[in-house]
$ cat target00.csv   # CSV, C-alpha atoms
chain,number,residue,atom,x,y,z
Y,1,MET,CA,0.0,0.0,0.0
Y,2,LYS,CA,2.9,2.4,0.8
Y,3,LEU,CA,4.4,1.6,-2.6
Y,4,VAL,CA,1.2,2.4,-4.3
Y,5,ARG,CA,0.9,5.7,-2.5
Y,6,PHE,CA,4.5,6.5,-3.3
Y,7,THR,CA,4.0,5.8,-7.0
Y,8,LEU,CA,0.8,7.9,-7.1
Y,9,ALA,CA,2.7,10.7,-5.4
Y,10,LEU,CA,5.4,10.6,-8.0
Y,11,VAL,CA,2.9,10.7,-10.9
Y,12,LEU,CA,0.9,13.5,-9.4
Y,13,GLY,CA,4.1,15.4,-8.6
Y,14,ALA,CA,5.2,15.1,-12.3
Y,15,LEU,CA,1.8,16.3,-13.5
Y,16,ILE,CA,1.9,19.3,-11.2
Y,17,ALA,CA,5.6,20.1,-12.0
Y,18,THR,CA,5.1,20.2,-15.8
Y,19,PRO,CA,2.7,23.3,-15.8
Y,20,ALA,CA,4.8,24.9,-13.2
Y,21,LEU,CA,7.9,24.4,-15.3
Y,22,ALA,CA,6.2,25.9,-18.3
Y,23,GLN,CA,5.1,29.0,-16.3
Y,24,THR,CA,8.6,29.8,-15.1
Y,25,TYR,CA,10.2,29.0,-18.5
Y,26,PRO,CA,12.6,30.5,-19.6
Y,27,ASN,CA,14.7,31.6,-16.7
Y,28,ARG,CA,18.1,31.2,-18.3
Y,29,PRO,CA,19.7,31.5,-21.7
Y,30,ILE,CA,18.5,29.3,-24.6
Y,31,ARG,CA,20.9,27.6,-27.0
Y,32,LEU,CA,19.7,27.9,-30.6
Y,33,VAL,CA,21.7,25.2,-32.4
Y,34,VAL,CA,22.5,25.8,-36.1
Y,35,PRO,CA,23.7,22.5,-37.7
Y,36,PHE,CA,25.6,24.3,-40.5
Y,37,PRO,CA,28.7,26.6,-40.5
Y,38,ALA,CA,28.5,30.3,-39.8
Y,39,GLY,CA,27.7,32.6,-42.7
Y,40,GLY,CA,25.1,30.4,-44.4
Y,41,GLY,CA,21.3,30.7,-44.7
Y,42,VAL,CA,20.4,28.9,-41.5
Y,43,ASP,CA,22.9,31.0,-39.5
Y,44,THR,CA,21.4,34.2,-41.0
Y,45,MET,CA,17.9,33.1,-40.1
Y,46,ALA,CA,18.9,32.1,-36.6
Y,47,ARG,CA,20.4,35.5,-35.9
Y,48,ILE,CA,17.4,37.4,-37.2
Y,49,VAL,CA,14.7,35.5,-35.2
Y,50,GLY,CA,17.0,34.8,-32.3
Y,51,THR,CA,17.6,38.4,-31.6
Y,52,LYS,CA,13.9,39.2,-31.6
Y,53,LEU,CA,13.0,36.1,-29.5
Y,54,SER,CA,15.6,37.2,-26.9
Y,55,GLU,CA,13.9,40.6,-26.7
Y,56,ARG,CA,10.5,39.0,-26.2
Y,57,ILE,CA,11.5,36.4,-23.5
Y,58,GLY,CA,14.0,38.6,-21.6
Y,59,GLN,CA,16.7,35.9,-21.9
Y,60,PRO,CA,19.7,35.6,-24.2
Y,61,VAL,CA,19.3,33.3,-27.2
Y,62,LEU,CA,22.8,32.0,-28.0
Y,63,VAL,CA,23.4,30.8,-31.6
Y,64,GLU,CA,25.6,27.7,-31.5
Y,65,HIS,CA,27.1,26.2,-34.6
Y,66,ARG,CA,27.4,22.4,-34.7
Y,67,PRO,CA,28.2,21.7,-38.4
Y,68,GLY,CA,28.9,18.4,-40.1
Y,69,ALA,CA,27.3,15.3,-41.8
Y,70,GLY,CA,24.8,17.4,-43.8
Y,71,GLY,CA,23.3,18.9,-40.6
Y,72,MET,CA,23.1,15.7,-38.7
Y,73,LEU,CA,25.8,16.4,-36.0
Y,74,GLY,CA,23.9,19.4,-34.8
Y,75,ALA,CA,20.6,17.6,-34.9
Y,76,ASP,CA,22.0,14.7,-32.9
Y,77,ALA,CA,23.3,17.1,-30.3
Y,78,VAL,CA,19.8,18.5,-29.8
Y,79,ALA,CA,18.2,15.0,-29.9
Y,80,LYS,CA,20.4,14.0,-27.0
Y,81,ALA,CA,19.9,17.3,-25.1
Y,82,ALA,CA,17.8,17.6,-22.0
Y,83,PRO,CA,14.1,18.1,-23.0
Y,84,ASP,CA,13.7,21.3,-21.0
Y,85,GLY,CA,13.4,23.9,-23.8
Y,86,TYR,CA,16.9,25.3,-23.3
Y,87,THR,CA,18.4,23.6,-26.3
Y,88,VAL,CA,16.5,23.9,-29.6
Y,89,LEU,CA,17.3,23.2,-33.2
Y,90,ILE,CA,16.8,25.6,-36.2
Y,91,THR,CA,17.2,23.8,-39.4
Y,92,VAL,CA,16.0,23.2,-43.0
Y,93,ASN,CA,14.7,20.2,-44.7
Y,94,ALA,CA,18.0,18.5,-44.2
Y,95,LEU,CA,16.4,16.9,-41.2
Y,96,SER,CA,13.8,15.2,-43.4
Y,97,ILE,CA,16.4,14.2,-46.0
Y,98,SER,CA,18.4,12.3,-43.3
Y,99,ALA,CA,15.5,9.9,-42.8
Y,100,ALA,CA,15.6,9.0,-46.5
Y,101,LEU,CA,19.3,9.1,-47.1
Y,102,TYR,CA,21.1,7.4,-44.2
Y,103,LYS,CA,21.0,3.7,-43.6
Y,104,THR,CA,21.3,4.4,-39.9
Y,105,LEU,CA,21.3,7.5,-37.7
Y,106,PRO,CA,22.3,8.1,-34.1
Y,107,PHE,CA,18.7,9.2,-33.5
Y,108,ASP,CA,15.3,8.3,-34.9
Y,109,PRO,CA,14.3,11.3,-37.1
Y,110,LEU,CA,10.6,10.6,-36.5
Y,111,LYS,CA,10.8,10.2,-32.8
Y,112,ALA,CA,13.7,12.3,-31.6
Y,113,PHE,CA,12.1,15.8,-31.8
Y,114,GLU,CA,9.1,17.8,-30.9
Y,115,PRO,CA,8.2,20.1,-33.8
Y,116,VAL,CA,7.7,23.6,-32.5
Y,117,VAL,CA,7.0,26.0,-35.4
Y,118,GLN,CA,7.8,26.5,-39.1
Y,119,VAL,CA,9.8,29.6,-39.3
Y,120,ALA,CA,9.7,30.4,-43.0
Y,121,ALA,CA,9.0,29.0,-46.4
Y,122,ASN,CA,11.5,29.7,-49.2
Y,123,PRO,CA,12.6,28.8,-52.6
Y,124,PHE,CA,16.2,27.8,-53.4
Y,125,VAL,CA,18.1,29.8,-56.0
Y,126,LEU,CA,20.2,28.1,-58.7
Y,127,VAL,CA,23.2,30.4,-59.2
Y,128,GLY,CA,26.1,30.5,-61.7
Y,129,SER,CA,29.7,31.5,-61.3
Y,130,PRO,CA,30.5,34.9,-62.6
Y,131,LYS,CA,33.4,33.2,-64.5
Y,132,MET,CA,31.0,30.8,-66.3
Y,133,GLN,CA,30.2,31.5,-70.0
Y,134,ALA,CA,26.5,30.5,-69.7
Y,135,ALA,CA,24.2,33.3,-68.6
Y,136,THR,CA,20.8,31.7,-68.4
Y,137,ILE,CA,19.3,28.4,-67.2
Y,138,GLN,CA,18.8,27.5,-70.9
Y,139,ASP,CA,22.5,28.2,-71.6
Y,140,VAL,CA,23.5,25.9,-68.7
Y,141,ILE,CA,21.3,23.1,-69.8
Y,142,ALA,CA,22.6,23.4,-73.4
Y,143,LEU,CA,26.2,23.6,-72.3
Y,144,ALA,CA,25.9,20.6,-70.0
Y,145,ARG,CA,24.3,18.5,-72.7
Y,146,ALA,CA,26.9,19.5,-75.3
Y,147,LYS,CA,29.8,18.6,-73.0
Y,148,PRO,CA,28.7,15.9,-70.6
Y,149,GLY,CA,30.9,15.5,-67.5
Y,150,THR,CA,32.8,18.8,-67.9
Y,151,MET,CA,30.7,21.0,-65.6
Y,152,ASN,CA,31.0,20.9,-61.8
Y,153,TYR,CA,28.4,21.9,-59.2
Y,154,GLY,CA,28.9,22.7,-55.6
Y,155,SER,CA,26.9,21.7,-52.5
Y,156,SER,CA,27.0,22.3,-48.8
Y,157,GLY,CA,27.9,18.7,-48.2
Y,158,LEU,CA,27.1,15.1,-49.1
Y,159,GLY,CA,23.4,14.4,-48.5
Y,160,ALA,CA,22.6,18.1,-47.7
Y,161,PRO,CA,19.6,19.7,-49.3
Y,162,LEU,CA,21.7,21.6,-51.8
Y,163,HIS,CA,23.2,18.2,-52.9
Y,164,LEU,CA,19.9,16.5,-53.4
Y,165,LEU,CA,18.3,19.5,-55.1
Y,166,THR,CA,21.0,19.5,-57.7
Y,167,GLU,CA,20.8,15.7,-58.2
Y,168,GLN,CA,17.0,16.2,-58.7
Y,169,PHE,CA,17.8,18.9,-61.2
Y,170,LYS,CA,20.3,16.7,-63.0
Y,171,HIS,CA,17.9,13.8,-63.1
Y,172,SER,CA,14.9,15.9,-64.3
Y,173,ALA,CA,17.0,17.8,-67.0
Y,174,GLY,CA,19.0,14.7,-68.1
Y,175,LEU,CA,22.4,16.2,-67.3
Y,176,ASP,CA,25.8,14.8,-66.4
Y,177,ILE,CA,27.4,17.3,-64.0
Y,178,ALA,CA,30.1,16.4,-61.4
Y,179,HIS,CA,29.4,17.0,-57.6
Y,180,ILE,CA,32.0,18.8,-55.4
Y,181,PRO,CA,30.8,18.9,-51.8
Y,182,TYR,CA,31.9,21.7,-49.3
Y,183,ARG,CA,31.4,22.1,-45.6
Y,184,GLY,CA,28.5,24.5,-45.8
Y,185,ASP,CA,27.0,26.9,-48.4
Y,186,ALA,CA,29.5,29.7,-47.4
Y,187,PRO,CA,32.6,27.9,-48.6
Y,188,MET,CA,30.6,26.6,-51.6
Y,189,PHE,CA,29.9,30.3,-52.5
Y,190,THR,CA,33.6,31.1,-52.3
Y,191,ALA,CA,34.2,28.2,-54.8
Y,192,LEU,CA,31.6,29.7,-57.1
Y,193,LEU,CA,33.2,33.1,-57.1
Y,194,ALA,CA,36.6,31.5,-57.9
Y,195,GLY,CA,35.1,29.4,-60.7
Y,196,ASP,CA,36.0,26.1,-59.1
Y,197,VAL,CA,32.4,25.1,-59.6
Y,198,GLN,CA,30.1,26.5,-62.3
Y,199,ILE,CA,26.7,26.2,-60.6
Y,200,GLY,CA,25.0,25.5,-57.3
Y,201,PHE,CA,21.8,25.9,-55.4
Y,202,MET,CA,21.8,28.4,-52.5
Y,203,PRO,CA,19.1,29.1,-49.9
Y,204,ALA,CA,17.1,32.3,-50.6
Y,205,GLY,CA,18.5,34.0,-47.5
Y,206,THR,CA,22.0,34.0,-48.9
Y,207,GLY,CA,21.4,33.5,-52.7
Y,208,VAL,CA,19.0,36.4,-53.2
Y,209,PRO,CA,21.4,39.1,-51.9
Y,210,GLN,CA,24.3,37.7,-53.9
Y,211,VAL,CA,22.3,37.7,-57.1
Y,212,LYS,CA,21.0,41.3,-56.4
Y,213,ASN,CA,24.5,42.6,-55.9
Y,214,GLY,CA,25.8,40.9,-59.0
Y,215,GLN,CA,28.3,38.6,-57.4
Y,216,VAL,CA,26.7,35.5,-59.0
Y,217,LYS,CA,24.3,34.9,-61.9
Y,218,GLY,CA,20.7,34.2,-61.0
Y,219,LEU,CA,19.7,31.3,-63.2
Y,220,ALA,CA,16.5,29.9,-61.8
Y,221,VAL,CA,14.4,29.4,-58.6
Y,222,THR,CA,12.6,26.5,-57.2
Y,223,GLY,CA,8.9,26.7,-56.5
Y,224,GLN,CA,5.7,27.2,-58.6
Y,225,THR,CA,6.0,30.9,-59.1
Y,226,ARG,CA,8.8,33.5,-59.4
Y,227,SER,CA,10.2,34.9,-56.2
Y,228,PRO,CA,9.1,38.6,-55.5
Y,229,ALA,CA,12.7,39.2,-54.4
Y,230,LEU,CA,14.0,38.1,-57.8
Y,231,PRO,CA,11.2,38.8,-60.3
Y,232,ASP,CA,13.5,38.6,-63.3
Y,233,VAL,CA,14.7,35.1,-62.5
Y,234,PRO,CA,12.6,32.3,-64.0
Y,235,THR,CA,11.4,29.2,-62.2
Y,236,LEU,CA,12.9,25.8,-63.1
Y,237,LEU,CA,9.4,24.9,-64.2
Y,238,GLU,CA,9.5,27.7,-66.8
Y,239,ALA,CA,12.7,26.2,-68.1
Y,240,GLY,CA,10.9,22.8,-68.6
Y,241,VAL,CA,12.5,21.2,-65.5
Y,242,LYS,CA,9.8,19.6,-63.4
Y,243,GLY,CA,9.9,18.1,-59.9
Y,244,LEU,CA,11.3,21.1,-58.0
Y,245,GLU,CA,8.0,23.0,-57.4
Y,246,ALA,CA,7.9,22.5,-53.7
Y,247,ASP,CA,9.3,25.2,-51.4
Y,248,SER,CA,11.9,24.5,-48.8
Y,249,TRP,CA,11.4,25.5,-45.1
Y,250,TYR,CA,13.1,26.5,-41.9
Y,251,GLY,CA,11.8,24.9,-38.8
Y,252,LEU,CA,12.3,25.0,-35.0
Y,253,PHE,CA,12.5,21.7,-33.2
Y,254,ALA,CA,13.0,20.7,-29.5
Y,255,PRO,CA,14.1,17.4,-28.1
Y,256,ALA,CA,11.5,14.7,-27.7
Y,257,GLY,CA,9.9,14.8,-24.3
Y,258,THR,CA,9.9,18.6,-24.0
Y,259,PRO,CA,6.8,19.5,-22.0
Y,260,ARG,CA,3.9,20.6,-24.2
Y,261,GLY,CA,3.6,23.8,-22.2
Y,262,ILE,CA,7.2,24.8,-23.2
Y,263,VAL,CA,6.7,23.8,-26.8
Y,264,MET,CA,3.6,26.0,-27.0
Y,265,ARG,CA,5.3,28.9,-25.2
Y,266,LEU,CA,8.1,28.8,-27.8
Y,267,ASN,CA,5.5,28.4,-30.6
Y,268,ARG,CA,3.6,31.5,-29.4
Y,269,GLU,CA,6.7,33.6,-28.9
Y,270,MET,CA,8.1,32.7,-32.3
Y,271,THR,CA,4.7,33.4,-33.9
Y,272,GLU,CA,4.9,36.9,-32.5
Y,273,VAL,CA,8.5,37.2,-33.7
Y,274,LEU,CA,7.5,36.3,-37.2
Y,275,LYS,CA,4.7,38.9,-37.1
Y,276,SER,CA,7.1,41.7,-36.2
Y,277,PRO,CA,7.2,44.1,-39.2
Y,278,ASP,CA,11.0,44.4,-39.1
Y,279,VAL,CA,11.6,40.6,-39.0
Y,280,ALA,CA,9.0,40.0,-41.7
Y,281,GLU,CA,10.6,42.7,-43.9
Y,282,ARG,CA,14.1,41.3,-43.5
Y,283,LEU,CA,12.9,37.8,-44.3
Y,284,ARG,CA,10.9,38.8,-47.4
Y,285,SER,CA,13.7,41.0,-48.7
Y,286,ALA,CA,15.8,37.8,-48.9
Y,287,GLY,CA,13.1,35.8,-50.6
Y,288,ASN,CA,11.7,34.1,-47.5
Y,289,GLU,CA,8.1,34.1,-46.4
Y,290,PRO,CA,7.4,34.1,-42.7
Y,291,ALA,CA,5.4,30.9,-41.9
Y,292,ALA,CA,4.4,30.3,-38.2
Y,293,GLY,CA,1.5,27.8,-37.7
Y,294,THR,CA,1.1,25.0,-35.2
Y,295,PRO,CA,3.5,22.3,-34.2
Y,296,GLU,CA,1.3,19.8,-36.0
Y,297,GLN,CA,1.5,21.7,-39.2
Y,298,LEU,CA,5.3,21.7,-39.1
Y,299,ASP,CA,5.2,17.9,-38.3
Y,300,ALA,CA,3.0,17.4,-41.4
Y,301,VAL,CA,5.4,19.3,-43.7
Y,302,TYR,CA,8.4,17.5,-42.2
Y,303,ARG,CA,6.9,14.0,-42.8
Y,304,ALA,CA,5.7,14.9,-46.4
Y,305,ASP,CA,9.3,15.9,-47.2
Y,306,ILE,CA,10.6,12.6,-45.9
Y,307,ALA,CA,8.4,10.9,-48.5
Y,308,ARG,CA,9.4,13.3,-51.2
Y,309,PHE,CA,13.1,12.9,-50.7
Y,310,THR,CA,12.8,9.1,-50.4
Y,311,LYS,CA,11.5,9.2,-54.0
Y,312,VAL,CA,14.2,11.7,-55.1
Y,313,ILE,CA,17.0,9.5,-53.8
Y,314,ALA,CA,15.5,6.4,-55.5
Y,315,ASP,CA,15.0,8.2,-58.8
Y,316,ALA,CA,18.5,9.6,-58.8
Y,317,LYS,CA,19.9,6.2,-57.7
Y,318,ILE,CA,21.8,7.9,-54.9
Y,319,PRO,CA,23.3,5.2,-52.7
Y,320,LYS,CA,22.3,5.4,-49.0
Y,321,LEU,CA,25.0,6.6,-46.7
Y,322,ASP,CA,26.3,4.7,-43.6

$ encode --input "target00.csv" --output "structure tokens"
Amino acid sequence: MKLVRFTLALVLGALIATPALAQTYPNRPIRLVVPFPAGGGVDTMARIVGTKLSERIGQPVLVEHRPGAGGMLGADAVAKAAPDGYTVLITVNALSISAALYKTLPFDPLKAFEPVVQVAANPFVLVGSPKMQAATIQDVIALARAKPGTMNYGSSGLGAPLHLLTEQFKHSAGLDIAHIPYRGDAPMFTALLAGDVQIGFMPAGTGVPQVKNGQVKGLAVTGQTRSPALPDVPTLLEAGVKGLEADSWYGLFAPAGTPRGIVMRLNREMTEVLKSPDVAERLRSAGNEPAAGTPEQLDAVYRADIARFTKVIADAKIPKLD
């Protein structure tokens, strides 16, 4: 009987403690883990929303970079963190790609996280090196078909979104272009400027400004319609390349087991952050559209992308990674 009463006390104590924990949250700094190197699109997004989130909650939001393995090292660090809301992950659809690409992972991509909120939706921008002869997407396709195997493309790492996007582009357009992976989209951009690679996809947050200032050539965008930030750049669909009509996304995730009250507090605060005129303007100027929504909506987008990239990998005959 004493054991039963003790067990009931523990259960009741846990039920009471969870709302209390959510009410006092946050009372110390939050680590916002970016699973890619500094200077890329996710880093830029994290700093924009992290600064405003810090103002709202009255606690520092510390951006921490944990790059490697196409974003999986940082994701793993968050998956294994204490589920208390003080370590969260901001990432792109690399997280959904991992479930389709890797044979095994140090975490279960469907069970290791609590989706919090979709931060933004955005296209990717296919850009060309300023040292490349081709000036349009039609030129690139014609050149690649005329000289198979002579063009290179850069990506932010093996299995990263920029890699799979270009493989999907290659498969859809029937092109033979060699892959050169880099440790993030920032070093890939340096390679584009130097002419070490001729083309590469970039997130809108970093690709749009570089196209606008003339550092790289804007060849095409993913998505069903042209980006308002780059109205003169056609979609891949306009160029006859199908299969890249879906937008990408930025999302916020917490470790599995994070109390619902904390998840919803983060969701509410981030929703207000994304409604802020200054944040919305900064995101839209770079080709991103503030998203928000419920945790369940992000979960649905995430799972749909897992299915989509499973098909991409199968169609492109990309071998699964260990």

$ atom_distance --input "target00.csv" --atom1 "atom CA of Y:Val61" --atom2 "atom CA of Y:Pro109"
24.6 Å

$ closest_atom_pairs --input "target00.csv" --of "stretch 10-82 of chain Y" --to "stretch 186-201 of chain Y" --cutoff "8 Å" --atoms "only C-alpha atoms" --output "tab-separated table"
residue	atom	partner	partner_atom	distance
Y:Pro37	CA	Y:Ala186	CA	7.6
Y:Ala38	CA	Y:Ala186	CA	7.7
Y:Gly39	CA	Y:Ala186	CA	5.8
Y:Gly40	CA	Y:Ala186	CA	5.4

$ closest_residue --input "target00.csv" --among "Y:Ile57, Y:Val92, Y:Ala82, Y:Val279" --to "Y:Asp43" --atoms "all atoms listed in the file"
Y:Val92

$ residues_around --input "target00.csv" --residues "Y:Asp305" --least-positions-apart "6" --cutoff "8 Å" --atoms "only C-alpha atoms" --output "list in words"
Asn93, Ser96 and Ile97 of chain Y

$ atom_distance --input "target00.csv" --atom1 "atom CA of Y:Val221" --atom2 "atom CA of Y:Ala307"
21.9 Å

$ atom_distance --input "target00.csv" --atom1 "atom CA of Y:Asp108" --atom2 "atom CA of Y:Gly74"
14.0 Å

$ closest_residue --input "target00.csv" --among "Y:Val34, Y:Ile177, Y:Val125, Y:Leu266" --to "Y:Asp84" --atoms "only C-alpha atoms"
Y:Leu266

$ residues_around --input "target00.csv" --residues "Y:Pro319" --least-positions-apart "6" --cutoff "12 Å" --atoms "only C-alpha atoms" --output "list of chain:residue names"
Y:Ala100, Y:Leu101, Y:Tyr102, Y:Lys103, Y:Leu158, Y:Gly159, Y:Leu164, Y:Thr310, Y:Val312, Y:Ile313

$ write_last_selection --input "target00.csv" --atoms "C-alpha atoms" --output "JSON list (two decimals), keeping the file's coordinate frame"
[["chain", "number", "residue", "atom", "x", "y", "z"],
["Y", 100, "ALA", "CA", 15.60, 9.00, -46.50],
["Y", 101, "LEU", "CA", 19.30, 9.10, -47.10],
["Y", 102, "TYR", "CA", 21.10, 7.40, -44.20],
["Y", 103, "LYS", "CA", 21.00, 3.70, -43.60],
["Y", 158, "LEU", "CA", 27.10, 15.10, -49.10],
["Y", 159, "GLY", "CA", 23.40, 14.40, -48.50],
["Y", 164, "LEU", "CA", 19.90, 16.50, -53.40],
["Y", 310, "THR", "CA", 12.80, 9.10, -50.40],
["Y", 312, "VAL", "CA", 14.20, 11.70, -55.10],
["Y", 313, "ILE", "CA", 17.00, 9.50, -53.80]]

$ axis_aligned_box --input "target00.csv" --around "stretch 305-312 of chain Y" --padding-each-side "3 Å" --output "lines of an AutoDock Vina configuration file"
center_x = 11.3
center_y = 12.5
center_z = -50.5
size_x = 11.8
size_y = 12.8
size_z = 15.2

$ residues_around --input "target00.csv" --residues "stretch 141-149 of chain Y" --least-positions-apart "3" --cutoff "12 Å" --atoms "only C-alpha atoms" --output "mmCIF file with C-alpha atoms, in the coordinates of the input"
data_model
loop_
_atom_site.group_PDB
_atom_site.id
_atom_site.type_symbol
_atom_site.label_atom_id
_atom_site.label_comp_id
_atom_site.auth_asym_id
_atom_site.auth_seq_id
_atom_site.Cartn_x
_atom_site.Cartn_y
_atom_site.Cartn_z
ATOM 1 C CA GLY Y 128 26.100 30.500 -61.700
ATOM 2 C CA MET Y 132 31.000 30.800 -66.300
ATOM 3 C CA GLN Y 133 30.200 31.500 -70.000
ATOM 4 C CA ALA Y 134 26.500 30.500 -69.700
ATOM 5 C CA ALA Y 135 24.200 33.300 -68.600
ATOM 6 C CA THR Y 136 20.800 31.700 -68.400
ATOM 7 C CA ILE Y 137 19.300 28.400 -67.200
ATOM 8 C CA GLN Y 138 18.800 27.500 -70.900
ATOM 9 C CA ASN Y 152 31.000 20.900 -61.800
ATOM 10 C CA TYR Y 153 28.400 21.900 -59.200
ATOM 11 C CA PHE Y 169 17.800 18.900 -61.200
ATOM 12 C CA LYS Y 170 20.300 16.700 -63.000
ATOM 13 C CA HIS Y 171 17.900 13.800 -63.100
ATOM 14 C CA SER Y 172 14.900 15.900 -64.300
ATOM 15 C CA ALA Y 173 17.000 17.800 -67.000
ATOM 16 C CA GLY Y 174 19.000 14.700 -68.100
ATOM 17 C CA LEU Y 175 22.400 16.200 -67.300
ATOM 18 C CA ASP Y 176 25.800 14.800 -66.400
ATOM 19 C CA ILE Y 177 27.400 17.300 -64.000
ATOM 20 C CA ALA Y 178 30.100 16.400 -61.400
ATOM 21 C CA HIS Y 179 29.400 17.000 -57.600
ATOM 22 C CA GLN Y 198 30.100 26.500 -62.300
ATOM 23 C CA ILE Y 199 26.700 26.200 -60.600
ATOM 24 C CA LEU Y 219 19.700 31.300 -63.200
ATOM 25 C CA ALA Y 220 16.500 29.900 -61.800
ATOM 26 C CA LEU Y 236 12.900 25.800 -63.100
ATOM 27 C CA ALA Y 239 12.700 26.200 -68.100
ATOM 28 C CA GLY Y 240 10.900 22.800 -68.600
ATOM 29 C CA VAL Y 241 12.500 21.200 -65.500
#

$ closest_residue --input "target00.csv" --among "Y:Ala246, Y:Ala280, Y:Ser155, Y:Val216" --to "Y:Ala304" --atoms "all atoms listed in the file"
Y:Ala246

$ closest_residue --input "target00.csv" --among "Y:Ala160, Y:Leu237, Y:Val116, Y:Val273" --to "Y:Ala99" --atoms "all atoms listed in the file"
Y:Ala160

$ residues_around --input "target00.csv" --residues "Y:Glu272" --least-positions-apart "2" --cutoff "10 Å" --atoms "only C-alpha atoms" --output "ChimeraX atom specification"
/Y:52-53,56,266-270,274-276,292

$ closest_residue --input "target00.csv" --among "Y:Gly223, Y:Pro60, Y:Pro123, Y:Gly70" --to "Y:Arg31" --atoms "all atoms listed in the file"
Y:Pro60

$ residues_near_point --input "target00.csv" --point "(19.8, 36.7, -50.3)" --cutoff "9 Å" --atoms "all atoms listed in the file" --output "PyMOL selection string"
chain Y and resi 41+202-212+229+285-288

$ write_last_selection --input "target00.csv" --atoms "C-alpha atoms" --output "PDB file, keeping the file's coordinate frame"
ATOM      1  CA  GLY Y  41      21.300  30.700 -44.700  1.00  0.00           C
ATOM      2  CA  MET Y 202      21.800  28.400 -52.500  1.00  0.00           C
ATOM      3  CA  PRO Y 203      19.100  29.100 -49.900  1.00  0.00           C
ATOM      4  CA  ALA Y 204      17.100  32.300 -50.600  1.00  0.00           C
ATOM      5  CA  GLY Y 205      18.500  34.000 -47.500  1.00  0.00           C
ATOM      6  CA  THR Y 206      22.000  34.000 -48.900  1.00  0.00           C
ATOM      7  CA  GLY Y 207      21.400  33.500 -52.700  1.00  0.00           C
ATOM      8  CA  VAL Y 208      19.000  36.400 -53.200  1.00  0.00           C
ATOM      9  CA  PRO Y 209      21.400  39.100 -51.900  1.00  0.00           C
ATOM     10  CA  GLN Y 210      24.300  37.700 -53.900  1.00  0.00           C
ATOM     11  CA  VAL Y 211      22.300  37.700 -57.100  1.00  0.00           C
ATOM     12  CA  LYS Y 212      21.000  41.300 -56.400  1.00  0.00           C
ATOM     13  CA  ALA Y 229      12.700  39.200 -54.400  1.00  0.00           C
ATOM     14  CA  SER Y 285      13.700  41.000 -48.700  1.00  0.00           C
ATOM     15  CA  ALA Y 286      15.800  37.800 -48.900  1.00  0.00           C
ATOM     16  CA  GLY Y 287      13.100  35.800 -50.600  1.00  0.00           C
ATOM     17  CA  ASN Y 288      11.700  34.100 -47.500  1.00  0.00           C
TER      18      ASN Y 288
END

$ closest_residue --input "target00.csv" --among "Y:Leu110, Y:Ala79, Y:Ala316, Y:Leu230" --to "Y:Ala300" --atoms "all atoms listed in the file"
Y:Leu110
